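Okay, input_13.txt is below, compact mmCIF, C-alpha atoms:
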```
# COMPACT_ATOMS: atom_id res chain seq x y z
CA MET A 56 -4.91 40.60 -2.43
CA THR A 57 -8.41 39.45 -1.49
CA PRO A 58 -9.08 37.12 -4.50
CA MET A 59 -5.66 35.52 -4.02
CA ILE A 60 -6.40 34.79 -0.37
CA ASP A 61 -9.74 33.28 -1.41
CA VAL A 62 -8.00 31.00 -3.89
CA VAL A 63 -5.37 29.93 -1.33
CA PHE A 64 -8.07 29.02 1.19
CA GLN A 65 -9.99 27.09 -1.46
CA LEU A 66 -6.82 25.12 -2.25
CA ILE A 67 -6.20 24.35 1.43
CA ILE A 68 -9.78 23.09 1.84
CA PHE A 69 -9.45 20.97 -1.33
CA PHE A 70 -6.24 19.25 -0.17
CA VAL A 71 -7.49 18.66 3.36
CA THR A 72 -10.69 17.08 2.06
CA THR A 73 -9.02 14.84 -0.53
CA ILE A 74 -6.36 13.58 1.90
CA GLU A 75 -9.07 12.52 4.33
CA LEU A 76 -10.94 10.67 1.56
CA GLU A 77 -7.85 8.69 0.59
CA LYS A 78 -7.17 7.75 4.23
CA ALA A 79 -10.75 6.65 4.80
CA ALA A 80 -10.42 3.92 2.15
CA ILE A 81 -7.67 2.12 4.09
CA ASP A 82 -8.21 -0.01 7.18
CA GLU A 83 -5.83 1.64 9.65
CA SER A 84 -6.21 -1.18 12.19
CA ILE A 85 -4.14 -3.54 10.04
CA ARG A 86 -0.54 -3.81 11.22
CA LEU A 87 1.58 -4.50 8.17
CA ALA A 88 4.68 -6.69 8.35
CA MET A 89 8.09 -5.10 7.95
CA ALA A 90 9.97 -5.47 4.67
CA PRO A 91 12.97 -3.12 4.88
CA HIS A 92 14.45 -4.37 1.60
CA GLY A 93 11.40 -3.85 -0.60
CA ALA A 94 11.31 -0.98 -3.05
CA PRO A 95 9.16 1.95 -1.90
CA VAL A 96 5.97 2.50 -3.88
CA GLU A 97 6.55 5.43 -6.20
CA GLN A 98 4.03 4.98 -8.97
CA LYS A 99 0.52 3.79 -8.37
CA ASP A 100 -1.59 2.16 -11.03
CA PRO A 101 -4.97 3.94 -10.93
CA ARG A 102 -6.68 0.56 -11.56
CA GLU A 103 -5.05 -1.00 -8.48
CA VAL A 104 -7.40 -2.95 -6.19
CA VAL A 105 -6.44 -2.93 -2.50
CA ILE A 106 -7.83 -5.81 -0.44
CA ASP A 107 -7.49 -5.74 3.35
CA VAL A 108 -7.40 -8.92 5.44
CA ASP A 109 -7.46 -8.27 9.19
CA ASN A 110 -6.05 -10.52 11.92
CA SER A 111 -9.36 -12.36 12.34
CA GLY A 112 -9.46 -13.16 8.61
CA ARG A 113 -12.14 -10.68 7.58
CA ILE A 114 -11.81 -9.48 4.00
CA SER A 115 -12.61 -5.88 3.11
CA VAL A 116 -12.23 -3.50 0.19
CA ALA A 117 -12.36 0.23 1.04
CA ARG A 118 -13.69 -0.75 4.52
CA ASN A 119 -16.58 -2.75 3.04
CA TYR A 120 -16.47 -6.22 4.56
CA MET A 121 -17.37 -9.07 2.25
CA ASN A 122 -17.22 -12.83 1.98
CA GLU A 123 -15.20 -14.81 -0.54
CA ALA A 124 -18.07 -15.26 -3.02
CA PHE A 125 -18.82 -11.53 -3.08
CA LEU A 126 -15.12 -10.74 -3.54
CA ARG A 127 -14.95 -13.12 -6.50
CA ASN A 128 -17.89 -11.36 -8.13
CA GLN A 129 -16.33 -7.97 -7.52
CA LEU A 130 -13.01 -9.08 -8.97
CA ARG A 131 -14.74 -10.49 -12.03
CA LYS A 132 -16.36 -7.09 -12.55
CA VAL A 133 -12.92 -5.46 -12.19
CA VAL A 134 -11.53 -7.81 -14.87
CA ALA A 135 -14.45 -7.06 -17.19
CA GLU A 136 -13.86 -3.35 -16.76
CA HIS A 137 -10.07 -3.02 -16.57
CA GLY A 138 -8.63 -6.31 -17.82
CA GLN A 139 -6.59 -9.11 -16.30
CA THR A 140 -3.48 -6.98 -15.88
CA THR A 141 -5.09 -5.01 -13.06
CA PRO A 142 -2.75 -5.18 -10.05
CA VAL A 143 -4.12 -6.47 -6.75
CA VAL A 144 -2.50 -5.40 -3.49
CA ILE A 145 -3.17 -7.60 -0.48
CA ARG A 146 -2.80 -5.82 2.87
CA GLY A 147 -2.58 -8.58 5.43
CA ASP A 148 -2.08 -8.12 9.15
CA ILE A 149 1.04 -9.67 10.69
CA LYS A 150 -1.16 -12.07 12.67
CA THR A 151 -3.37 -13.08 9.74
CA LYS A 152 -3.24 -16.79 8.99
CA HIS A 153 -2.20 -17.76 5.51
CA GLU A 154 -5.47 -19.63 4.91
CA ASP A 155 -7.27 -16.24 4.96
CA ILE A 156 -4.75 -14.69 2.57
CA ARG A 157 -5.19 -17.77 0.40
CA LYS A 158 -8.92 -17.04 0.03
CA VAL A 159 -8.04 -13.69 -1.54
CA MET A 160 -5.33 -15.23 -3.73
CA ASP A 161 -7.78 -17.92 -4.89
CA ALA A 162 -10.40 -15.27 -5.66
CA CYS A 163 -7.79 -13.43 -7.77
CA SER A 164 -6.89 -16.62 -9.65
CA PHE A 165 -10.59 -17.35 -10.16
CA ALA A 166 -11.12 -13.92 -11.69
CA GLY A 167 -7.96 -14.29 -13.79
CA LEU A 168 -6.00 -11.61 -11.97
CA TRP A 169 -2.37 -12.61 -11.71
CA LYS A 170 -0.55 -9.41 -10.71
CA VAL A 171 -0.66 -9.97 -6.97
CA LYS A 172 1.42 -7.92 -4.54
CA PHE A 173 1.71 -7.97 -0.77
CA SER A 174 1.80 -4.67 1.04
CA ALA A 175 4.40 -4.18 3.77
CA VAL A 176 6.09 -1.34 5.64
CA GLN A 177 9.47 -0.47 4.20
CA ASP A 178 10.31 2.31 6.64
CA PRO A 179 8.14 2.88 9.71
CA ALA A 180 7.21 6.45 10.58
CA LYS A 181 9.36 7.90 13.34
CA PRO A 182 7.36 8.46 16.55
CA ARG A 183 6.98 12.15 17.42
CA MET B 61 -12.98 75.92 3.19
CA ALA B 62 -15.37 73.61 5.04
CA ALA B 63 -16.33 71.90 1.78
CA LYS B 64 -12.63 71.23 1.00
CA LYS B 65 -12.12 69.62 4.42
CA ARG B 66 -15.20 67.39 3.95
CA ARG B 67 -13.89 66.24 0.52
CA LYS B 68 -10.50 65.38 2.01
CA ARG B 69 -12.15 63.32 4.77
CA ARG B 70 -14.29 61.47 2.19
CA ASN B 71 -11.18 60.66 0.11
CA ALA B 72 -9.36 59.30 3.18
CA ALA B 73 -12.34 57.08 4.04
CA GLY B 74 -12.47 55.79 0.45
CA GLN B 75 -8.78 54.76 0.48
CA GLY B 76 -9.28 52.96 3.82
CA GLN B 77 -11.99 50.72 2.33
CA ASP B 78 -9.54 49.22 -0.22
CA ASP B 79 -7.00 48.11 2.43
CA VAL B 80 -7.07 44.49 3.55
CA GLN B 81 -6.95 43.89 7.30
CA MET B 82 -3.64 42.01 7.29
CA THR B 83 -3.34 41.43 11.03
CA ALA B 84 -6.51 39.34 11.28
CA MET B 85 -5.60 37.35 8.17
CA ILE B 86 -2.11 36.58 9.46
CA ASP B 87 -3.70 35.43 12.73
CA VAL B 88 -5.93 33.00 10.86
CA VAL B 89 -3.08 31.73 8.69
CA PHE B 90 -0.94 31.09 11.76
CA GLN B 91 -3.81 29.28 13.45
CA LEU B 92 -4.14 27.06 10.38
CA LEU B 93 -0.40 26.42 10.31
CA VAL B 94 -0.37 25.42 13.98
CA TYR B 95 -3.41 23.17 13.42
CA PHE B 96 -1.77 21.34 10.51
CA ILE B 97 1.56 20.93 12.29
CA VAL B 98 -0.12 19.49 15.39
CA THR B 99 -2.44 17.12 13.51
CA LEU B 100 0.16 15.97 10.96
CA GLN B 101 0.81 12.23 11.37
CA PRO B 102 4.07 10.82 10.01
CA GLU B 103 3.31 8.10 7.50
CA ASP B 104 4.96 4.71 7.00
CA VAL B 105 6.79 4.15 3.72
CA ILE B 106 4.92 1.32 2.02
CA THR B 107 6.42 -1.32 -0.22
CA HIS B 108 4.72 -3.83 -2.50
CA LEU B 109 6.30 -7.28 -2.81
CA ASP B 110 5.48 -8.86 -6.16
CA VAL B 111 4.86 -12.56 -6.66
CA PHE B 112 3.86 -14.71 -9.59
CA ARG B 113 0.43 -16.24 -9.59
CA PRO B 114 -0.81 -18.76 -12.13
CA SER B 115 -1.56 -16.79 -15.25
CA PRO B 116 -4.64 -17.47 -17.33
CA GLU B 117 -2.56 -17.17 -20.50
CA LYS B 118 -1.31 -20.48 -21.85
CA GLN B 119 2.05 -19.16 -23.05
CA GLN B 120 3.00 -17.89 -19.62
CA GLU B 121 1.99 -21.17 -18.01
CA GLN B 122 4.53 -22.92 -20.18
CA THR B 123 7.35 -20.58 -19.27
CA GLN B 124 6.56 -20.92 -15.56
CA THR B 125 7.74 -24.54 -15.35
CA PRO B 126 11.50 -24.26 -15.08
CA PRO B 127 13.63 -27.36 -14.61
CA LYS B 128 15.23 -26.45 -11.27
CA MET B 129 13.26 -24.93 -8.46
CA ILE B 130 14.10 -23.96 -4.90
CA ARG B 131 11.31 -24.80 -2.49
CA ILE B 132 10.84 -22.69 0.61
CA GLN B 133 8.14 -23.98 2.91
CA ILE B 134 6.62 -21.85 5.64
CA TYR B 135 5.19 -23.70 8.62
CA PRO B 136 3.66 -22.19 11.77
CA ASP B 137 6.76 -23.31 13.70
CA GLY B 138 9.51 -22.53 11.20
CA ILE B 139 10.80 -22.31 7.66
CA THR B 140 12.42 -25.01 5.52
CA ILE B 141 14.42 -24.71 2.31
CA ASN B 142 14.35 -27.85 0.19
CA ASP B 143 12.92 -29.75 3.21
CA LYS B 144 15.67 -28.60 5.60
CA TYR B 145 14.77 -26.42 8.60
CA VAL B 146 16.62 -23.09 8.62
CA THR B 147 16.70 -19.98 10.76
CA ILE B 148 16.08 -16.55 9.23
CA PRO B 149 19.81 -15.59 9.16
CA ASP B 150 20.63 -18.97 7.54
CA LEU B 151 17.92 -18.46 4.94
CA ASP B 152 19.27 -14.98 4.26
CA ARG B 153 22.77 -16.39 3.70
CA LEU B 154 21.50 -19.21 1.46
CA LEU B 155 19.45 -16.83 -0.67
CA ASP B 156 22.46 -14.53 -1.03
CA LYS B 157 24.56 -17.46 -2.25
CA LEU B 158 21.79 -18.49 -4.62
CA ALA B 159 21.51 -14.97 -6.01
CA ALA B 160 25.29 -14.88 -6.57
CA ILE B 161 24.84 -17.82 -9.00
CA ASP B 162 21.62 -16.75 -10.71
CA THR B 163 19.09 -14.08 -9.74
CA LYS B 164 16.60 -15.55 -12.22
CA GLN B 165 16.44 -18.76 -10.19
CA SER B 166 12.85 -19.90 -9.65
CA ILE B 167 11.77 -19.98 -6.05
CA MET B 168 8.56 -21.60 -4.98
CA ILE B 169 7.31 -20.37 -1.62
CA MET B 170 4.83 -22.82 -0.13
CA CYS B 171 2.75 -21.61 2.80
CA THR B 172 0.77 -23.86 5.08
CA ALA B 173 -2.72 -22.74 6.08
CA GLN B 174 -1.82 -22.01 9.69
CA SER B 175 1.39 -20.10 9.00
CA ASN B 176 1.47 -16.38 9.76
CA HIS B 177 1.33 -13.87 6.94
CA GLU B 178 4.28 -12.10 8.58
CA ASP B 179 6.57 -15.04 7.79
CA LEU B 180 5.61 -14.97 4.12
CA VAL B 181 6.37 -11.24 3.95
CA ARG B 182 9.69 -11.87 5.73
CA VAL B 183 10.70 -14.49 3.15
CA LEU B 184 9.60 -12.24 0.28
CA ASP B 185 11.64 -9.43 1.81
CA LEU B 186 14.76 -11.61 2.00
CA CYS B 187 14.24 -12.53 -1.67
CA ALA B 188 13.90 -8.84 -2.53
CA LYS B 189 17.11 -8.17 -0.59
CA SER B 190 18.96 -10.76 -2.70
CA ASP B 191 17.39 -9.43 -5.94
CA LEU B 192 15.61 -12.73 -6.55
CA THR B 193 12.56 -11.88 -8.59
CA ASN B 194 11.26 -15.17 -9.96
CA LEU B 195 8.99 -15.98 -7.02
CA SER B 196 5.84 -18.06 -6.88
CA VAL B 197 3.60 -18.33 -3.85
CA ILE B 198 1.64 -21.54 -3.43
CA SER B 199 -0.71 -22.50 -0.61
CA THR B 200 -0.59 -25.98 0.87
CA ASN B 201 -2.63 -27.71 3.56
```

Any chance you could give the structure as structure tokens?
Amino acid sequence: MTPMIDVVFQLIIFFVTTIELEKAAIDESIRLAMAPHGAPVEQKDPREVVIDVDNSGRISVARNYMNEAFLRNQLRKVVAEHGQTTPVVIRGDIKTKHEDIRKVMDACSFAGLWKVKFSAVQDPAKPR
Amino acid sequence: MAAKKRRKRRNAAGQGQDDVQMTAMIDVVFQLLVYFIVTLQPEDVITHLDVFRPSPEKQQEQTQTPPKMIRIQIYPDGITINDKYVTIPDLDRLLDKLAAIDTKQSIMIMCTAQSNHEDLVRVLDLCAKSDLTNLSVISTN
């Protein structure tokens, strides 16, 4: 019994830790727009780059804020490493102005990334 | 006789060492269960709305210039389709009609700098609802 219990606890700790890591990479303050007719995300490309744009127009990747020039450089590195077919997901707040989203789209075009997607909420979580 | 008794006692103590204290373990497991149930946050179902962006490949650039194109413009104060102001339900109806003719119809969504990102997502959602997939997003001043 004892080794099995050890293994189970190790598994629990592993899952708890990895879930927290994945959550930490996303800016939770961004309120995504609703898109009830979009297809839910089932398969994720491991190369996928998620770019957050908050309501004041600040650009961030994995909670690291950056300006347009830095983003361009980062995207160029992504292209050099993973190719131009790397998908880019833009997470824009509902109050973000399009000019700020445009900066990200322009940076993608500059780097040669053309698979651009906009993240939205298909089905909001039910309040408990 | 006394030696036999002592041996029996030793054997009983030895068996006791192998037993796992189940009660304490079950307590801990229940505590963990309660903790996870309380802290569990329901998550939103996320969708990704695809759009076409200018491709660096020459071949694709050529195929992205179709003869007929529907223009949807997003302004801070409203949405137009081929330069005619429409409400969201009207746009929904028009896109449905368009999709009934051809779902491969090219749609160019033009956003002005001051328009809200929410409106762009709303238009993309309506296109997704009508199964229109040939979408381009262009920024205008």

Show which residues sit within 12 Å of Asp137 (chain B), as a ChimeraX atom specification. Count all atoms listed in the file, and ignore same-chain residues fewer than 5 positions away.
/B:145-147,171-172,174-176,179

CA of Glu154 (chain A) and CA of Val104 (chain A) are how many Å apart?
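Computed distance, CA of Glu154 (chain A) to CA of Val104 (chain A), equals 20.1 Å.
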
Tell me which protein, DNA and RNA residues are within 10 Å of region 132-138 of chain A, counting all atoms listed in the file, leaving out same-chain ones fewer than 2 positions away, and put them as a PDB file with C-alpha atoms, in the coordinates of the input.
```pdb
ATOM      1  CA  ARG A 102      -6.680   0.560 -11.560  1.00  0.00           C
ATOM      2  CA  GLU A 103      -5.050  -1.000  -8.480  1.00  0.00           C
ATOM      3  CA  VAL A 104      -7.400  -2.950  -6.190  1.00  0.00           C
ATOM      4  CA  LEU A 126     -15.120 -10.740  -3.540  1.00  0.00           C
ATOM      5  CA  ARG A 127     -14.950 -13.120  -6.500  1.00  0.00           C
ATOM      6  CA  ASN A 128     -17.890 -11.360  -8.130  1.00  0.00           C
ATOM      7  CA  GLN A 129     -16.330  -7.970  -7.520  1.00  0.00           C
ATOM      8  CA  LEU A 130     -13.010  -9.080  -8.970  1.00  0.00           C
ATOM      9  CA  THR A 140      -3.480  -6.980 -15.880  1.00  0.00           C
ATOM     10  CA  THR A 141      -5.090  -5.010 -13.060  1.00  0.00           C
ATOM     11  CA  PRO A 142      -2.750  -5.180 -10.050  1.00  0.00           C
ATOM     12  CA  CYS A 163      -7.790 -13.430  -7.770  1.00  0.00           C
ATOM     13  CA  ALA A 166     -11.120 -13.920 -11.690  1.00  0.00           C
ATOM     14  CA  GLY A 167      -7.960 -14.290 -13.790  1.00  0.00           C
ATOM     15  CA  LEU A 168      -6.000 -11.610 -11.970  1.00  0.00           C
TER      16      LEU A 168
END
```

When you count only C-alpha atoms, which of these residues is closest to Ala88 (chain A): B:Val105, B:Val197, B:Ile148, B:Cys187?
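Nearest to Ala88 (chain A): B:Val105.
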
Could you tell me which residues of chain A sit within 6 Å of chain B when counting only C-alpha atoms, and give me the result as an MDAnalysis selection string?
chainID A and resid 88 90 92:96 149:154 167 169 172:180

Could you check which of A:Phe69, A:Ile114, A:Met121, A:Glu97 is closest to Ile156 (chain A), using only C-alpha atoms?
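So, comparing all the options, the nearest one is A:Ile114.
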
Taking 6 positions as the minimum chain separation for residues in the same chain, which residues sit within 7 Å of Ile167 (chain B) when counting only C-alpha atoms? Answer as JSON, numbers by chain.
{"B": [129, 130, 131, 194, 195, 196]}

Between B:Leu151, B:Ile139, B:Leu192, B:Leu93, single out the one closest to Gln165 (chain B), counting only C-alpha atoms.
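Of B:Leu151, B:Ile139, B:Leu192, B:Leu93, the one nearest Gln165 (chain B) is B:Leu192, counting only C-alpha atoms.
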
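The interatomic distance for the pair CA of Ala117 (chain A) and CA of Ile169 (chain B) works out to 28.6 Å.
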
To one decimal place in Å, what is the distance between CA of Val88 (chain B) and CA of Met59 (chain A)?
15.1 Å

Considering only C-alpha atoms, can you say which of A:Lys170, A:Arg86, A:Lys99, A:Arg113 comes closest to Val143 (chain A)?
A:Lys170

Could I get region 70-153 of chain A from the block written out with C-alpha atoms, as a PDB file, in the first residue's frame?
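Final output, part_33.pdb:
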```pdb
ATOM      1  CA  PHE A  70      -0.567  18.101 -11.614  1.00  0.00           C
ATOM      2  CA  VAL A  71      -1.151  20.906  -9.136  1.00  0.00           C
ATOM      3  CA  THR A  72       2.240  22.436  -9.933  1.00  0.00           C
ATOM      4  CA  THR A  73       1.917  22.189 -13.722  1.00  0.00           C
ATOM      5  CA  ILE A  74      -1.619  23.642 -13.766  1.00  0.00           C
ATOM      6  CA  GLU A  75      -0.403  26.673 -11.839  1.00  0.00           C
ATOM      7  CA  LEU A  76       2.485  27.168 -14.282  1.00  0.00           C
ATOM      8  CA  GLU A  77       0.156  27.164 -17.281  1.00  0.00           C
ATOM      9  CA  LYS A  78      -2.185  29.673 -15.611  1.00  0.00           C
ATOM     10  CA  ALA A  79       0.670  31.987 -14.677  1.00  0.00           C
ATOM     11  CA  ALA A  80       1.537  32.520 -18.364  1.00  0.00           C
ATOM     12  CA  ILE A  81      -1.855  34.092 -19.125  1.00  0.00           C
ATOM     13  CA  ASP A  82      -2.907  37.603 -18.170  1.00  0.00           C
ATOM     14  CA  GLU A  83      -6.116  36.933 -16.237  1.00  0.00           C
ATOM     15  CA  SER A  84      -7.062  40.632 -16.153  1.00  0.00           C
ATOM     16  CA  ILE A  85      -7.950  40.582 -19.855  1.00  0.00           C
ATOM     17  CA  ARG A  86     -11.687  40.280 -20.454  1.00  0.00           C
ATOM     18  CA  LEU A  87     -12.141  38.450 -23.727  1.00  0.00           C
ATOM     19  CA  ALA A  88     -15.033  39.239 -26.064  1.00  0.00           C
ATOM     20  CA  MET A  89     -17.797  36.693 -26.504  1.00  0.00           C
ATOM     21  CA  ALA A  90     -17.932  34.565 -29.643  1.00  0.00           C
ATOM     22  CA  PRO A  91     -20.592  31.901 -29.032  1.00  0.00           C
ATOM     23  CA  HIS A  92     -20.399  30.579 -32.603  1.00  0.00           C
ATOM     24  CA  GLY A  93     -16.658  29.949 -32.732  1.00  0.00           C
ATOM     25  CA  ALA A  94     -15.329  26.412 -32.554  1.00  0.00           C
ATOM     26  CA  PRO A  95     -13.882  25.488 -29.150  1.00  0.00           C
ATOM     27  CA  VAL A  96     -10.126  25.005 -29.065  1.00  0.00           C
ATOM     28  CA  GLU A  97      -9.454  21.285 -28.996  1.00  0.00           C
ATOM     29  CA  GLN A  98      -5.940  20.915 -30.321  1.00  0.00           C
ATOM     30  CA  LYS A  99      -3.165  23.289 -29.454  1.00  0.00           C
ATOM     31  CA  ASP A 100      -0.100  23.758 -31.601  1.00  0.00           C
ATOM     32  CA  PRO A 101       2.890  23.534 -29.232  1.00  0.00           C
ATOM     33  CA  ARG A 102       4.586  26.329 -31.234  1.00  0.00           C
ATOM     34  CA  GLU A 103       1.652  28.703 -30.671  1.00  0.00           C
ATOM     35  CA  VAL A 104       2.575  32.230 -29.527  1.00  0.00           C
ATOM     36  CA  VAL A 105      -0.007  33.944 -27.307  1.00  0.00           C
ATOM     37  CA  ILE A 106       0.161  37.744 -27.250  1.00  0.00           C
ATOM     38  CA  ASP A 107      -1.918  39.670 -24.710  1.00  0.00           C
ATOM     39  CA  VAL A 108      -3.087  43.235 -25.331  1.00  0.00           C
ATOM     40  CA  ASP A 109      -4.772  44.830 -22.315  1.00  0.00           C
ATOM     41  CA  ASN A 110      -7.374  47.612 -22.352  1.00  0.00           C
ATOM     42  CA  SER A 111      -4.712  50.318 -22.103  1.00  0.00           C
ATOM     43  CA  GLY A 112      -2.896  48.909 -25.143  1.00  0.00           C
ATOM     44  CA  ARG A 113       0.030  47.301 -23.346  1.00  0.00           C
ATOM     45  CA  ILE A 114       1.464  44.292 -25.162  1.00  0.00           C
ATOM     46  CA  SER A 115       2.702  41.287 -23.201  1.00  0.00           C
ATOM     47  CA  VAL A 116       3.815  37.726 -23.821  1.00  0.00           C
ATOM     48  CA  ALA A 117       3.648  35.375 -20.813  1.00  0.00           C
ATOM     49  CA  ARG A 118       3.160  38.472 -18.583  1.00  0.00           C
ATOM     50  CA  ASN A 119       6.335  40.129 -19.882  1.00  0.00           C
ATOM     51  CA  TYR A 120       5.414  43.594 -21.092  1.00  0.00           C
ATOM     52  CA  MET A 121       7.200  44.806 -24.191  1.00  0.00           C
ATOM     53  CA  ASN A 122       7.083  47.503 -26.828  1.00  0.00           C
ATOM     54  CA  GLU A 123       6.422  46.983 -30.516  1.00  0.00           C
ATOM     55  CA  ALA A 124      10.102  46.890 -31.526  1.00  0.00           C
ATOM     56  CA  PHE A 125      10.913  44.224 -28.934  1.00  0.00           C
ATOM     57  CA  LEU A 126       7.887  42.173 -30.017  1.00  0.00           C
ATOM     58  CA  ARG A 127       9.057  42.318 -33.634  1.00  0.00           C
ATOM     59  CA  ASN A 128      12.472  41.008 -32.622  1.00  0.00           C
ATOM     60  CA  GLN A 129      10.923  38.235 -30.570  1.00  0.00           C
ATOM     61  CA  LEU A 130       8.635  37.215 -33.423  1.00  0.00           C
ATOM     62  CA  ARG A 131      11.561  37.173 -35.832  1.00  0.00           C
ATOM     63  CA  LYS A 132      13.340  34.787 -33.469  1.00  0.00           C
ATOM     64  CA  VAL A 133      10.191  32.626 -33.367  1.00  0.00           C
ATOM     65  CA  VAL A 134      10.151  32.514 -37.185  1.00  0.00           C
ATOM     66  CA  ALA A 135      13.840  31.595 -37.295  1.00  0.00           C
ATOM     67  CA  GLU A 136      13.240  28.783 -34.835  1.00  0.00           C
ATOM     68  CA  HIS A 137       9.818  27.415 -35.797  1.00  0.00           C
ATOM     69  CA  GLY A 138       9.033  28.798 -39.260  1.00  0.00           C
ATOM     70  CA  GLN A 139       6.425  31.128 -40.704  1.00  0.00           C
ATOM     71  CA  THR A 140       3.556  28.720 -40.126  1.00  0.00           C
ATOM     72  CA  THR A 141       3.710  29.283 -36.369  1.00  0.00           C
ATOM     73  CA  PRO A 142       0.224  30.320 -35.214  1.00  0.00           C
ATOM     74  CA  VAL A 143      -0.160  33.571 -33.298  1.00  0.00           C
ATOM     75  CA  VAL A 144      -3.094  34.025 -30.926  1.00  0.00           C
ATOM     76  CA  ILE A 145      -3.984  37.598 -30.023  1.00  0.00           C
ATOM     77  CA  ARG A 146      -5.829  37.952 -26.705  1.00  0.00           C
ATOM     78  CA  GLY A 147      -7.321  41.418 -26.790  1.00  0.00           C
ATOM     79  CA  ASP A 148      -9.493  42.956 -24.095  1.00  0.00           C
ATOM     80  CA  ILE A 149     -13.024  43.996 -25.104  1.00  0.00           C
ATOM     81  CA  LYS A 150     -12.087  47.638 -24.516  1.00  0.00           C
ATOM     82  CA  THR A 151      -8.794  47.514 -26.415  1.00  0.00           C
ATOM     83  CA  LYS A 152      -8.672  49.917 -29.342  1.00  0.00           C
ATOM     84  CA  HIS A 153      -7.984  48.396 -32.721  1.00  0.00           C
TER      85      HIS A 153
END
```
